[in-house]
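Trainee: Pasting in a structure now, in structure tokens, and then I'll have a few things to ask.
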Amino acid sequence: MQQLPLYVEGTEFQKKIWTELKMIPVGQTATYAKIARQIGAPKAVRAVANACANNRHGIIVPCHRVLRSDGGISGYRWGIERKKQILALEAKAI
């Protein structure tokens, strides 16, 4: 199956974050701090959170898989309850 290109509008830094988020497998999560380290910007935790808040591509760029460092669920563009629902569905899928 051919992959369709996805046009995303954002800064180059946001695009770098979103690309990294797409690497988180279904049923798994990462923290904002882990994503910041993985993109080579360990002090950019707030920037990672901001990129998630500005993500308009929902499931395609899976910001719902990003949690706080304590494992807690934080804000989500489409609401925390929806984030919990998606994570629960993905956990069942694996």
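Following the order of the structure tokens, chains are lettered A, B, ..., residues in each are numbered from 1, and ligands are numbered from 1.
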I want to know what sits within 10 Å of range 65-76 of chain A, based on only C-alpha atoms, with residues of the same chain fewer than 2 positions away left out; could you give that as number ranges by chain?

Mentor: A: 21-22, 24-35, 45, 48-49, 52-55, 58-59, 61-63, 78-84, 86-87, 90

Trainee: As an NGL selection string, please: every residue in chain A that DSSP puts in alpha helix (DSSP H).

Mentor: :A and (12-21 or 32-38 or 45-53 or 80-93)

Trainee: Per DSSP on the backbone, filter range 6-94 of chain A down to the residues in strand (DSSP E) and report them as a ChimeraX atom specification.

Mentor: /A:30-31,66-67

Trainee: Next, dump the selected residues to file, keeping only N, CA and C atoms, as a PDB file, in the first residue's frame.

Mentor:
ATOM      1  N   ALA A  30       5.369   7.753  25.454  1.00  0.00           N
ATOM      2  CA  ALA A  30       6.657   8.386  25.748  1.00  0.00           C
ATOM      3  C   ALA A  30       6.345   9.633  26.565  1.00  0.00           C
ATOM      4  N   THR A  31       7.351  10.179  27.189  1.00  0.00           N
ATOM      5  CA  THR A  31       7.159  11.423  27.934  1.00  0.00           C
ATOM      6  C   THR A  31       7.635  12.599  27.085  1.00  0.00           C
ATOM      7  N   VAL A  66       1.834  10.871  24.285  1.00  0.00           N
ATOM      8  CA  VAL A  66       2.843  11.575  25.071  1.00  0.00           C
ATOM      9  C   VAL A  66       2.258  11.922  26.439  1.00  0.00           C
ATOM     10  N   LEU A  67       2.991  11.528  27.480  1.00  0.00           N
ATOM     11  CA  LEU A  67       2.552  11.714  28.861  1.00  0.00           C
ATOM     12  C   LEU A  67       3.540  12.586  29.625  1.00  0.00           C
TER      13      LEU A  67
END

Trainee: Nearest to Thr19 in chain A among A:Lys43, A:His57, A:Arg77, A:Lys92, with distances taken over only C-alpha atoms: which residue is it?

Mentor: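 Among the listed residues, the smallest separation from Thr19 in chain A belongs to A:His57.
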